[in-house]
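For reference, the structure is listed below as structure tokens.
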Amino acid sequence: MSKIYNFFEEHLQSIRKLIQLLFFVYFIYLSGLCLCVLGVIKRFILMGGFYLTSTLVLLLLTLILGRVFCGWVCPLGFIFDITYRLRMKVSKLKFLPTVPEKIHSKLIYLKYGVLILFLYLTYKLSTYAFCKVCPLGTLTNLHGTVISIILLVFFLIMGVVYPMFFCRYFCPIGALLGIFSIRPLFKLKIDDKKCVGCKLCDRRCPVQIELTKNIPQHECIRCFECKTVCNKDAVKFGIYIKQKNNK
Ligand code: SF4
Ligand code: SF4
């Protein structure tokens, strides 16, 4: 068992990439249906049908593990993951660019407003409101509109400037999953006994979480870049009942 665990830890990022790629292919080329959580909820609101099974499974998973959907499944997350890595490679950046903390700490709430707005519009206008502007719609060719193409280009550019720009500030699915992962069963934390305070993890987090200060579990997309970069094995992911300062 420990051999499997060690193998998984050692190849964590490669395994994540492979899983993301498989889901990307599934969502973009094989699925005739956009399976985003918001789409499913909208179908539920509009049709009153029982489209909720996959959503319930996902929400349960989120309650247990946090926002793994964002870091391992979402095709948009996969695209924005590639864009910021490309930028790092091309610009030979060691550390990720950051949005000034004062602005960042406020902008992260924008996605909750987007979630409320589109759920309201869906209910009020009886239409798949978010699908009409969803950047993913452009790729799946399901609901692609001029607006969604413009937004995709905009977020791709912003995703090059600031890692995961769309996921951090605008994604309503991230917001919804964030609500369900305020206190997930499995938490990310730093082992104070092992941490030497080098802050490598802070500088490699694509959603700008300063792990050495505080880890808001609902903002963490479970990419585990912090775990990979920490050479002291101080970043832990597990069940922690008592957690001081969310660290
Ligand atoms: S990279 Fe590891 S040792 Fe360095 S600050 Fe982060 S948790 Fe601590
Ligand atoms: S805290 Fe770690 S796992 Fe969470 S988003 Fe940042 S780098 Fe990824």
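Note on naming: chains are A, B, ... as they come in the structure tokens, residues start from 1 per chain, ligands start from 1 in the order shown.
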For this session: Using only C-alpha atoms and all ligand atoms, find each residue with an atom at most 10 Å away from ligand 2 and format the answer as a PyMOL selection string.
Result: chain A and resi 66-68+70-71+164+168+187-189+201-212+214-229+235-237
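Going from atom CA of A:Val153 to atom CA of A:Glu101 covers 25.3 Å.
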Problem set entry | Contact residues around A:Leu59 with only C-alpha atoms at 10 Å, ignoring same-chain residues under 5 positions, as JSON, numbers by chain | {"A": [37, 53, 54, 64, 65, 66, 67, 69, 176, 177, 179, 180, 181]}
Write out as CSV a residue-level contact list of chain A versus ligand 1 with cut-off 6 Å: for each qualifying residue the closest pair of atoms and the distance in Å to one decimal, counting only C-alpha atoms and all ligand atoms, rows sorted by chain and residue number upward.
residue,atom,partner,partner_atom_place_in_ligand_line,distance
A:Ile190,CA,ligand 1,7 (S),5.6
A:Cys195,CA,ligand 1,8 (Fe),3.6
A:Val196,CA,ligand 1,3 (S),4.4
A:Gly197,CA,ligand 1,5 (S),3.8
A:Cys198,CA,ligand 1,4 (Fe),3.9
A:Lys199,CA,ligand 1,5 (S),3.7
A:Leu200,CA,ligand 1,1 (S),4.2
A:Cys201,CA,ligand 1,1 (S),4.2
A:Thr212,CA,ligand 1,5 (S),5.9
A:Cys230,CA,ligand 1,1 (S),3.9
A:Lys232,CA,ligand 1,3 (S),5.2
A:Ala234,CA,ligand 1,7 (S),4.6
A:Val235,CA,ligand 1,7 (S),5.1
Filtering to C-alpha atoms, could you give me those residues as a compact mmCIF listing (two decimals), in the first residue's frame?
# COMPACT_ATOMS: atom_id res chain seq x y z
CA ILE A 190 1.38 22.83 6.77
CA CYS A 195 8.31 23.76 7.54
CA VAL A 196 11.41 25.95 7.32
CA GLY A 197 9.52 29.02 6.09
CA CYS A 198 11.14 29.21 2.64
CA LYS A 199 7.76 30.22 1.11
CA LEU A 200 8.33 28.23 -2.07
CA CYS A 201 4.79 26.90 -1.72
CA THR A 212 2.43 30.03 5.26
CA CYS A 230 8.00 21.64 -0.96
CA LYS A 232 10.70 19.40 3.22
CA ALA A 234 5.78 19.91 5.03
CA VAL A 235 2.57 20.26 2.99
Exercise. Of the candidates A:Ile103, A:Ile239, A:Ile116, A:Leu96, which shows the shortest atom-to-atom distance to A:Gly159, using only C-alpha atoms?
Worked result: A:Leu96
